[in-house]
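Q: Sharing my_file36.txt (compact mmCIF, C-alpha atoms and all ligand atoms) below.
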# COMPACT_ATOMS: atom_id res chain seq x y z
CA MET A 30 6.86 22.67 -49.66
CA GLY A 31 7.83 22.25 -46.04
CA VAL A 32 8.94 19.06 -44.31
CA ASP A 33 6.31 16.32 -44.09
CA LEU A 34 5.47 15.77 -40.44
CA PHE A 35 4.83 12.08 -41.12
CA ALA A 36 8.33 11.48 -42.57
CA ARG A 37 9.59 10.58 -39.11
CA CYS A 38 6.95 7.84 -38.91
CA ARG A 39 8.09 6.28 -42.17
CA ASP A 40 11.68 6.40 -40.93
CA TYR A 41 10.78 4.88 -37.55
CA ASP A 42 11.73 1.30 -38.19
CA VAL A 43 12.24 -0.17 -34.73
CA ALA A 44 8.81 -1.67 -34.23
CA ARG A 45 8.43 -2.73 -37.88
CA SER A 46 11.75 -4.58 -38.05
CA ALA A 47 11.12 -6.26 -34.66
CA ARG A 48 7.70 -7.39 -35.92
CA ALA A 49 9.23 -8.69 -39.15
CA ALA A 50 11.79 -10.65 -37.09
CA GLY A 51 8.96 -12.04 -34.94
CA VAL A 52 10.41 -10.59 -31.74
CA TYR A 53 8.08 -7.65 -31.14
CA PRO A 54 6.75 -8.04 -27.58
CA TYR A 55 4.30 -5.16 -27.22
CA TYR A 56 0.57 -4.66 -27.60
CA PRO A 57 -0.35 -8.33 -27.17
CA VAL A 58 -4.06 -9.20 -27.09
CA PHE A 59 -5.23 -11.32 -24.16
CA ALA A 60 -8.54 -13.15 -24.30
CA GLY A 61 -9.80 -13.74 -20.77
CA PRO A 62 -9.38 -12.04 -17.42
CA GLY A 63 -6.25 -9.96 -16.75
CA ALA A 64 -4.82 -12.15 -14.00
CA PRO A 65 -3.67 -14.51 -12.57
CA VAL A 66 -4.15 -16.78 -15.59
CA THR A 67 -5.17 -15.48 -18.97
CA GLU A 68 -5.11 -16.51 -22.61
CA LEU A 69 -2.68 -15.41 -25.30
CA ASP A 70 -2.76 -16.74 -28.88
CA GLY A 71 -5.07 -19.55 -27.79
CA ARG A 72 -2.77 -20.65 -24.97
CA SER A 73 -3.20 -20.32 -21.24
CA VAL A 74 -0.48 -18.18 -19.63
CA ILE A 75 0.28 -17.21 -16.04
CA MET A 76 0.11 -13.43 -15.95
CA CYS A 77 3.09 -11.94 -14.11
CA GLY A 78 2.90 -8.58 -15.84
CA SER A 79 -0.21 -7.11 -14.22
CA SER A 80 -0.35 -4.77 -11.24
CA ASP A 81 -3.58 -6.31 -9.90
CA TYR A 82 -1.56 -6.87 -6.71
CA LEU A 83 -4.46 -7.76 -4.44
CA GLY A 84 -5.99 -10.09 -7.02
CA LEU A 85 -9.26 -8.18 -7.03
CA ALA A 86 -9.83 -7.22 -10.68
CA ALA A 87 -11.86 -10.40 -11.26
CA ASP A 88 -13.35 -10.59 -7.75
CA PRO A 89 -17.15 -11.00 -7.91
CA ARG A 90 -17.67 -8.38 -5.18
CA VAL A 91 -15.71 -5.76 -7.13
CA ILE A 92 -17.44 -6.66 -10.39
CA ARG A 93 -20.84 -6.40 -8.70
CA ALA A 94 -19.99 -2.96 -7.31
CA ALA A 95 -18.97 -1.76 -10.79
CA ARG A 96 -22.13 -3.20 -12.34
CA ASP A 97 -24.42 -1.67 -9.69
CA ALA A 98 -22.80 1.74 -10.22
CA ALA A 99 -23.29 1.51 -13.99
CA ASP A 100 -26.93 0.53 -13.44
CA ARG A 101 -27.50 3.49 -11.17
CA TYR A 102 -25.37 6.24 -12.73
CA GLY A 103 -24.83 5.10 -16.33
CA THR A 104 -21.59 4.12 -18.04
CA SER A 105 -20.15 7.64 -18.29
CA ARG A 106 -20.80 11.09 -16.86
CA SER A 107 -19.72 12.46 -20.24
CA GLY A 108 -18.02 15.48 -18.77
CA SER A 109 -15.69 16.83 -16.13
CA ARG A 110 -16.07 16.67 -12.38
CA MET A 111 -16.01 20.46 -12.26
CA LEU A 112 -19.19 20.78 -14.28
CA ASN A 113 -21.50 17.81 -14.61
CA GLY A 114 -19.48 14.72 -13.64
CA GLY A 115 -19.63 14.31 -9.84
CA THR A 116 -21.58 11.59 -8.04
CA PRO A 117 -21.84 10.63 -4.35
CA LEU A 118 -19.51 7.70 -5.18
CA HIS A 119 -16.68 10.05 -6.17
CA ALA A 120 -16.97 11.95 -2.88
CA GLU A 121 -17.20 8.70 -0.91
CA LEU A 122 -14.04 7.32 -2.50
CA GLU A 123 -12.20 10.57 -1.74
CA ARG A 124 -13.20 10.36 1.93
CA GLU A 125 -12.16 6.72 2.25
CA LEU A 126 -8.85 7.22 0.41
CA ALA A 127 -7.91 10.08 2.73
CA ALA A 128 -8.83 8.03 5.81
CA ALA A 129 -6.88 5.00 4.53
CA ALA A 130 -3.77 7.04 3.75
CA GLY A 131 -3.91 9.17 6.91
CA LEU A 132 -3.97 12.48 5.02
CA PRO A 133 -6.62 15.21 5.34
CA GLU A 134 -8.29 15.13 1.94
CA ALA A 135 -8.21 13.52 -1.52
CA LEU A 136 -9.02 14.76 -5.02
CA LEU A 137 -9.78 12.24 -7.77
CA PHE A 138 -8.20 12.41 -11.22
CA PRO A 139 -9.16 10.37 -14.31
CA THR A 140 -5.87 8.39 -14.06
CA GLY A 141 -2.80 8.20 -11.85
CA TYR A 142 -0.76 9.66 -14.70
CA GLN A 143 -3.01 12.69 -14.73
CA ALA A 144 -2.84 12.97 -10.93
CA ASN A 145 0.94 13.38 -11.09
CA VAL A 146 0.94 15.69 -14.09
CA GLY A 147 -1.92 17.74 -12.66
CA ALA A 148 -0.43 18.13 -9.20
CA ILE A 149 3.12 18.92 -10.33
CA ALA A 150 2.32 21.17 -13.29
CA GLY A 151 -0.69 22.72 -11.53
CA LEU A 152 1.18 23.74 -8.41
CA THR A 153 4.46 25.00 -9.74
CA GLY A 154 5.17 28.45 -11.09
CA ARG A 155 7.78 30.03 -13.31
CA ARG A 156 10.58 30.43 -10.78
CA ASP A 157 10.00 27.09 -9.07
CA VAL A 158 12.21 24.02 -9.20
CA VAL A 159 10.90 20.44 -9.36
CA LEU A 160 13.47 17.87 -8.22
CA VAL A 161 12.62 14.39 -9.45
CA ASP A 162 14.26 11.06 -8.50
CA ALA A 163 16.07 9.56 -11.52
CA GLU A 164 13.83 6.46 -11.45
CA ALA A 165 10.52 8.22 -10.81
CA HIS A 166 7.66 7.43 -13.16
CA ALA A 167 7.37 9.17 -16.53
CA SER A 168 4.31 11.08 -15.29
CA ALA A 169 6.46 12.87 -12.69
CA TYR A 170 8.81 14.00 -15.45
CA ASP A 171 5.94 14.93 -17.72
CA GLY A 172 4.38 17.02 -14.94
CA ALA A 173 7.70 18.74 -14.31
CA GLY A 174 8.16 19.31 -18.05
CA LEU A 175 4.65 20.60 -18.64
CA GLY A 176 4.75 23.11 -15.79
CA PRO A 177 6.53 26.42 -16.13
CA GLY A 178 9.17 25.57 -13.47
CA ARG A 179 12.63 24.03 -13.93
CA ALA A 180 12.99 20.24 -13.74
CA VAL A 181 16.08 18.80 -12.01
CA ARG A 182 16.88 15.10 -11.83
CA PHE A 183 18.62 13.74 -8.72
CA ARG A 184 20.39 10.42 -8.23
CA HIS A 185 18.05 7.53 -7.46
CA ASN A 186 17.31 7.26 -3.72
CA SER A 187 20.19 9.59 -2.86
CA ALA A 188 19.27 12.12 -0.16
CA ALA A 189 22.86 13.42 -0.39
CA ASP A 190 22.52 14.26 -4.10
CA LEU A 191 19.08 15.75 -3.46
CA GLY A 192 20.55 17.91 -0.69
CA ARG A 193 23.33 19.16 -3.00
CA ARG A 194 20.83 20.09 -5.68
CA LEU A 195 18.50 21.79 -3.22
CA ALA A 196 21.43 23.78 -1.87
CA ALA A 197 22.31 24.85 -5.43
CA SER A 198 18.79 25.99 -6.35
CA PRO A 199 18.01 29.72 -6.17
CA GLY A 200 17.00 31.03 -2.76
CA ASP A 201 13.83 32.67 -4.10
CA ALA A 202 12.57 29.45 -5.76
CA ALA A 203 9.86 27.30 -4.22
CA ARG A 204 11.00 23.66 -4.39
CA LEU A 205 8.94 20.50 -4.96
CA VAL A 206 10.65 17.11 -4.55
CA VAL A 207 9.03 14.14 -6.30
CA VAL A 208 9.75 10.49 -5.47
CA ASP A 209 7.98 7.15 -5.85
CA GLY A 210 7.11 5.22 -2.66
CA LEU A 211 7.94 1.95 -4.43
CA TYR A 212 9.81 2.10 -7.73
CA SER A 213 8.00 0.48 -10.62
CA MET A 214 10.98 -0.81 -12.55
CA SER A 215 13.57 -1.68 -9.90
CA GLY A 216 11.02 -2.69 -7.23
CA ASP A 217 12.96 -0.92 -4.46
CA ALA A 218 11.51 1.56 -1.96
CA CYS A 219 12.26 5.21 -1.32
CA PRO A 220 14.34 5.80 1.85
CA LEU A 221 11.61 8.17 3.03
CA PRO A 222 13.02 9.28 6.42
CA THR A 223 16.23 10.62 4.85
CA ILE A 224 14.36 12.24 1.94
CA VAL A 225 11.86 13.84 4.37
CA GLU A 226 14.69 15.12 6.53
CA THR A 227 16.47 16.63 3.51
CA CYS A 228 13.28 18.32 2.27
CA ARG A 229 12.69 19.79 5.74
CA ARG A 230 16.26 21.07 5.96
CA TYR A 231 15.78 23.10 2.77
CA GLY A 232 12.11 24.00 3.20
CA ALA A 233 11.11 21.97 0.12
CA ARG A 234 7.70 20.30 -0.28
CA LEU A 235 7.61 16.53 -0.90
CA LEU A 236 5.26 14.64 -3.23
CA VAL A 237 5.33 10.84 -2.98
CA ASP A 238 3.79 8.80 -5.81
CA ASP A 239 2.78 5.57 -4.09
CA ALA A 240 1.16 4.00 -7.15
CA HIS A 241 2.68 0.57 -6.50
CA GLY A 242 2.59 0.54 -2.70
CA PHE A 243 -0.84 1.97 -1.92
CA GLY A 244 -3.14 -0.77 -0.65
CA VAL A 245 -0.31 -3.30 -0.64
CA ARG A 246 2.06 -2.05 2.05
CA PRO A 247 1.61 0.79 4.52
CA LEU A 248 3.48 4.04 3.96
CA ASP A 249 4.44 6.39 6.81
CA VAL A 250 3.07 9.71 5.61
CA GLY A 251 4.75 11.76 8.37
CA GLY A 252 6.61 14.52 6.52
CA VAL A 253 4.86 13.75 3.21
CA ASP A 254 3.13 16.90 1.88
CA LEU A 255 1.32 15.33 -1.06
CA LEU A 256 0.61 11.72 -1.96
CA THR A 257 -0.53 10.48 -5.35
CA VAL A 258 -2.14 7.09 -5.83
CA THR A 259 -3.57 5.12 -8.73
CA PHE A 260 -6.57 2.81 -8.89
CA SER A 261 -5.03 0.77 -11.71
CA LYS A 262 -3.00 -1.47 -9.44
CA ALA A 263 -4.11 -2.66 -5.97
CA LEU A 264 -7.52 -1.03 -6.44
CA ALA A 265 -8.46 -3.13 -9.48
CA SER A 266 -9.74 -0.21 -11.51
CA VAL A 267 -8.66 2.88 -13.43
CA GLY A 268 -8.27 6.36 -11.96
CA GLY A 269 -6.04 8.25 -9.58
CA ALA A 270 -5.99 10.75 -6.74
CA VAL A 271 -3.89 13.44 -5.11
CA LEU A 272 -4.02 13.55 -1.30
CA GLY A 273 -2.96 16.42 0.92
CA PRO A 274 -4.05 19.63 2.66
CA PRO A 275 -7.51 20.99 1.74
CA GLU A 276 -6.19 24.36 0.56
CA VAL A 277 -3.77 22.70 -1.86
CA LEU A 278 -6.47 20.42 -3.27
CA ASP A 279 -8.81 23.37 -3.65
CA TYR A 280 -6.08 25.18 -5.58
CA LEU A 281 -5.64 22.07 -7.77
CA ARG A 282 -9.41 21.94 -8.40
CA HIS A 283 -8.92 25.23 -10.22
CA HIS A 284 -5.39 24.84 -11.62
CA ALA A 285 -4.82 21.13 -12.44
CA ARG A 286 -5.64 21.07 -16.13
CA PRO A 287 -5.71 17.23 -16.48
CA GLU A 288 -8.52 17.21 -13.89
CA ILE A 289 -10.44 20.23 -15.16
CA PHE A 290 -10.26 19.52 -18.89
CA SER A 291 -10.79 15.74 -18.88
CA ALA A 292 -13.85 13.62 -18.21
CA VAL A 293 -14.30 12.33 -14.68
CA ALA A 294 -13.56 8.64 -13.98
CA PRO A 295 -16.75 6.67 -14.68
CA PRO A 296 -18.91 5.64 -11.71
CA SER A 297 -18.23 1.95 -12.38
CA SER A 298 -14.46 2.53 -12.06
CA VAL A 299 -14.94 4.57 -8.91
CA ALA A 300 -17.22 1.92 -7.38
CA ALA A 301 -14.73 -0.83 -8.23
CA ALA A 302 -11.89 1.12 -6.58
CA LEU A 303 -14.03 1.76 -3.50
CA ALA A 304 -14.93 -1.93 -3.21
CA ALA A 305 -11.29 -2.98 -3.67
CA LEU A 306 -10.12 -0.44 -1.09
CA ARG A 307 -12.56 -1.86 1.47
CA ILE A 308 -11.79 -5.49 0.66
CA GLY A 309 -8.03 -4.87 0.74
CA ALA A 310 -8.35 -3.32 4.21
CA ALA A 311 -10.58 -6.14 5.51
CA GLU A 312 -8.36 -8.84 4.00
CA PRO A 313 -4.78 -7.76 4.76
CA TRP A 314 -3.54 -11.22 3.79
CA ARG A 315 -3.85 -10.13 0.15
CA GLY A 316 -1.07 -7.53 0.26
CA GLU A 317 1.01 -9.79 2.50
CA ARG A 318 0.59 -12.71 0.11
CA ALA A 319 1.70 -10.70 -2.93
CA ILE A 320 4.78 -9.47 -1.05
CA ALA A 321 5.63 -12.96 0.27
CA GLY A 322 5.19 -14.47 -3.21
CA ALA A 323 7.63 -11.93 -4.65
CA ALA A 324 10.13 -12.58 -1.84
CA GLY A 325 9.89 -16.32 -2.54
CA LEU A 326 10.52 -15.77 -6.25
CA ARG A 327 13.51 -13.48 -5.53
CA ALA A 328 14.98 -16.24 -3.34
CA ALA A 329 14.34 -18.91 -5.99
CA LEU A 330 15.98 -16.80 -8.72
CA GLY A 331 18.92 -16.07 -6.42
CA ALA A 332 19.37 -19.82 -5.84
CA GLN A 333 19.41 -20.29 -9.63
CA GLY A 334 22.40 -17.93 -9.86
CA HIS A 335 20.60 -14.71 -10.85
CA THR A 336 21.50 -11.43 -9.19
CA VAL A 337 18.14 -10.11 -8.06
CA PRO A 338 17.81 -6.64 -6.54
CA ALA A 339 16.16 -6.68 -3.11
CA GLY A 340 12.71 -5.15 -2.77
CA PRO A 341 10.02 -4.91 -0.13
CA GLY A 342 7.04 -5.16 -2.47
CA PRO A 343 5.36 -7.33 -5.09
CA ILE A 344 7.69 -6.36 -7.98
CA VAL A 345 10.63 -8.61 -8.87
CA ALA A 346 13.11 -6.88 -11.19
CA LEU A 347 15.72 -8.93 -12.99
CA PRO A 348 18.33 -6.86 -14.86
CA MET A 349 19.46 -8.31 -18.19
CA PRO A 350 22.69 -7.51 -20.06
CA ASP A 351 21.13 -6.23 -23.30
CA LEU A 352 18.09 -6.00 -25.53
CA ALA A 353 18.66 -9.32 -27.32
CA SER A 354 18.95 -11.33 -24.09
CA THR A 355 15.93 -9.53 -22.62
CA LEU A 356 13.72 -10.43 -25.57
CA ALA A 357 15.09 -13.98 -25.76
CA ALA A 358 14.37 -14.54 -22.06
CA TRP A 359 10.90 -13.02 -22.42
CA ARG A 360 10.10 -15.32 -25.35
CA GLY A 361 11.51 -18.35 -23.51
CA LEU A 362 9.30 -17.67 -20.49
CA LEU A 363 6.28 -17.18 -22.72
CA GLY A 364 7.03 -20.53 -24.32
CA ALA A 365 6.82 -22.02 -20.82
CA GLY A 366 3.44 -20.34 -20.28
CA VAL A 367 4.64 -17.38 -18.16
CA TYR A 368 4.03 -13.78 -19.22
CA VAL A 369 6.36 -11.17 -17.70
CA ASN A 370 7.05 -7.59 -18.75
CA PRO A 371 10.09 -6.99 -20.94
CA VAL A 372 11.68 -3.67 -20.02
CA VAL A 373 13.86 -1.94 -22.58
CA PRO A 374 15.30 1.57 -22.93
CA PRO A 375 14.20 4.33 -22.86
CA ALA A 376 11.68 3.19 -20.19
CA ALA A 377 14.51 1.85 -18.04
CA ARG A 378 17.62 -0.33 -18.29
CA CYS A 379 17.12 -3.75 -19.94
CA GLY A 380 15.48 -6.35 -17.77
CA LEU A 381 12.46 -8.43 -16.93
CA ARG A 382 9.81 -7.22 -14.54
CA VAL A 383 7.77 -9.86 -12.76
CA THR A 384 4.76 -8.80 -10.71
CA ILE A 385 3.20 -11.13 -8.18
CA THR A 386 -0.39 -10.84 -7.00
CA ALA A 387 -2.44 -12.31 -4.17
CA ALA A 388 -4.26 -14.44 -6.74
CA HIS A 389 -1.15 -16.39 -7.76
CA THR A 390 -1.28 -19.81 -6.13
CA ASP A 391 1.75 -21.68 -4.81
CA ALA A 392 1.53 -23.87 -7.92
CA HIS A 393 1.65 -20.77 -10.19
CA LEU A 394 4.69 -19.49 -8.31
CA ASP A 395 6.43 -22.87 -8.64
CA THR A 396 5.72 -22.89 -12.38
CA VAL A 397 7.19 -19.39 -12.71
CA ALA A 398 10.37 -20.34 -10.81
CA THR A 399 10.75 -23.51 -12.90
CA ALA A 400 10.26 -21.56 -16.13
CA PHE A 401 13.12 -19.25 -15.14
CA ALA A 402 15.33 -22.23 -14.26
CA ASP A 403 14.62 -23.83 -17.66
CA ARG A 404 14.57 -20.77 -19.90
CA VAL A 405 16.64 -17.89 -18.49
CA THR A 406 20.41 -18.19 -18.19
CA PRO A 407 21.90 -16.15 -15.34
CA ASP A 408 24.02 -13.21 -16.45
CA PRO A 409 27.64 -14.36 -15.88
CA ARG A 410 28.89 -10.82 -15.09
N1 LIG B 1 3.01 6.25 -11.11
C1 LIG B 1 3.66 5.08 -11.23
C2 LIG B 1 4.86 4.84 -10.38
C3 LIG B 1 3.21 4.12 -12.15
O1 LIG B 1 3.86 2.97 -12.30
C4 LIG B 1 2.05 4.40 -12.93
C5 LIG B 1 1.48 3.40 -13.90
N2 LIG B 1 2.35 2.67 -14.64
C6 LIG B 1 1.44 5.64 -12.78
C7 LIG B 1 1.93 6.53 -11.87
C8 LIG B 1 0.25 6.00 -13.61
O2 LIG B 1 -0.89 5.39 -13.15
P1 LIG B 1 -2.17 5.16 -14.06
O3 LIG B 1 -2.06 3.81 -14.65
O4 LIG B 1 -3.30 5.29 -13.10
O5 LIG B 1 -2.20 6.26 -15.09
Just dump the structure as C-alpha cells.
Ligand code: PMP

A:
Amino acid sequence: MGVDLFARCRDYDVARSARAAGVYPYYPVFAGPGAPVTELDGRSVIMCGSSDYLGLAADPRVIRAARDAADRYGTSRSGSRMLNGGTPLHAELERELAAAAGLPEALLFPTGYQANVGAIAGLTGRRDVVLVDAEAHASAYDGAGLGPGRAVRFRHNSAADLGRRLAASPGDAARLVVVDGLYSMSGDACPLPTIVETCRRYGARLLVDDAHGFGVRPLDVGGVDLLTVTFSKALASVGGAVLGPPEVLDYLRHHARPEIFSAVAPPSSVAAALAALRIGAAEPWRGERAIAGAAGLRAALGAQGHTVPAGPGPIVALPMPDLASTLAAWRGLLGAGVYVNPVVPPAARCGLRVTITAAHTDAHLDTVATAFADRVTPDPR
C-alpha cells in the first residue's frame, strides 16, 4: 500500500477550523449584482472587493451587447479559437484592444491568467531566464514555473536589483522581465521608465501585466515589448489578451498551450468586453472617478491615523499587523455593511484591500470611511 494522496486533504485543517470558529472569510455567496451594492446573507452590502473599476458590469448597454452576441452566436463556441471557436467579434475586440493600447496586435486568451501563463511559458526556452517582480501576480510566477526556463524573483519595483540579476544571468540566455503595471495587492505602480531602461541596457524583453490599470489609467507603452490585459476588471467581463508584435503573437498562436488547448472566450463575454472598452473610452470620467474615490478614501484613512500606502489607481491597500487583526477588521466592516477583501499569506502580507469603482456614489464612499473609523483601529506601530 502506498501513501494515500488524499491524506493531505484530511490533514489540511486551516479552512475547517476557521469555519468552525465562524471566521472563515472566503467563498461567500452574493445574491444580486456584483457591484456597487450587493446582497450577502440577506443584507445589503457596499461591494469594495470587486475590480469592476468602471462600474460597467451591470450597465444596460454592456448587458445588451452580451445578450445580442449570445442570440447571434450561441452561449459557447464549444472549442478552441484555433479550430472552431473564432467569430468576427473576437477579431474586432483584438483590433480595438491593440488600437486602445497603442501596440500593433492583440491575441485573445480565455482569461488574463491564461494570457500571462501562455505568453511567458510559450515564449521561453530551456536556457532562458524569466525575471519576475516580487509582487507580480501569481499567473506570472505560474507562467515562469510552467515554462522550461529559470525563474528569478527581483525586489519589488527595484530597477537596481533587476539590473544586478540581469548582469548575473548567463550571457547566452534570452531574458524576459515581467512586471505588473499596477500592483494588485499594494496598489502601487511600476516605475516603468527605470525598468524599461534597465531592460534595454541588458537586451532583455519586457512584459507588463496591466490587468488593473488597463481601461482605468493610461500606460506609456514605449519600451514595453508585450502587454497583457484582462477583461475581468475595467472591461466588465471575463477573458484576457496578449498584445505585441505580430510575429510574436503568431508564434504564441502555435506555442501558447493555455490558448490552444482551452475553449475560446464565449461571444457574450467578448461582446461585453468590447462594449465596455468603447464606453470606457467615450466616458473617461469613469476611470477618473474610480481613481479620485480611492484617493479620497486614502486621505480619509490617513486622517483616521492609518498608514496607507500611496497609489495612483483605484486600489486602496491597508496593511494589518497579523491574521487575527485582519479578520477582525474584515468582520467589523462587514457588520457595518462594507465588503472588502481580506488578504492573508501566502497571497501577500496581511491587510485589507479596498477597491473603488466609478459606480460608488459619494454617499457610499462616506459610509465606507465611517465604517473604517468605527470598526478598524489604526495599527499603533
Ligand atoms: N494579473 C493580475 C495582476 C491580476 O490581478 C489578475 C486577476 N486577479 C490576473 C492577472 C488574472 O486575470 P483573470 O481574472 O482574467 O484571470

Q: Would you be able to write out as a VMD selection string which residues have an atom within 12 Å of (6.7, -8.3, -30.5) in the file's coordinates, counting all atoms listed in the file?

A: chain A and resid 43 to 58 356 to 357 359 to 360 363 370 to 371

Q: Find the distance between CA of Ser198 in chain A and CA of Arg184 in chain A and write it in Å to one decimal.

A: 15.8 Å

Q: Excluding range 313-315 of chain A and any residue of its chain fewer than 5 positions from it, enumerate the residues within 8 Å of it, using only C-alpha atoms, and give them as a ChimeraX atom specification.

A: /A:82-84,245,386-387

Q: Using only C-alpha atoms, what does the table of range 108-141 of chain A residues within 9 Å of range 288-294 of chain A look like, with each row giving the shortest atom pair and its distance in Å to one decimal, sorted by chain and ascending number, as a tab-separated table?

A:
residue	atom	partner	partner_atom	distance
A:Gly108	CA	A:Ala292	CA	4.6
A:Ser109	CA	A:Ala292	CA	4.2
A:Arg110	CA	A:Val293	CA	5.2
A:Met111	CA	A:Ile289	CA	6.3
A:Leu112	CA	A:Ile289	CA	8.8
A:Gly114	CA	A:Val293	CA	5.8
A:Gly115	CA	A:Val293	CA	7.5
A:His119	CA	A:Ala294	CA	8.5
A:Leu137	CA	A:Glu288	CA	8.0
A:Phe138	CA	A:Glu288	CA	5.5
A:Pro139	CA	A:Ala294	CA	4.7
A:Thr140	CA	A:Ala294	CA	7.7

Q: Could you tell me which of A:Gly334, A:Gly309, A:Pro348, A:Gly147 comes closest to ligand LIG 1 (chain B) if we count all atoms listed in the file?

A: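 Smallest separation from ligand LIG 1 (chain B) among the options: A:Gly147.
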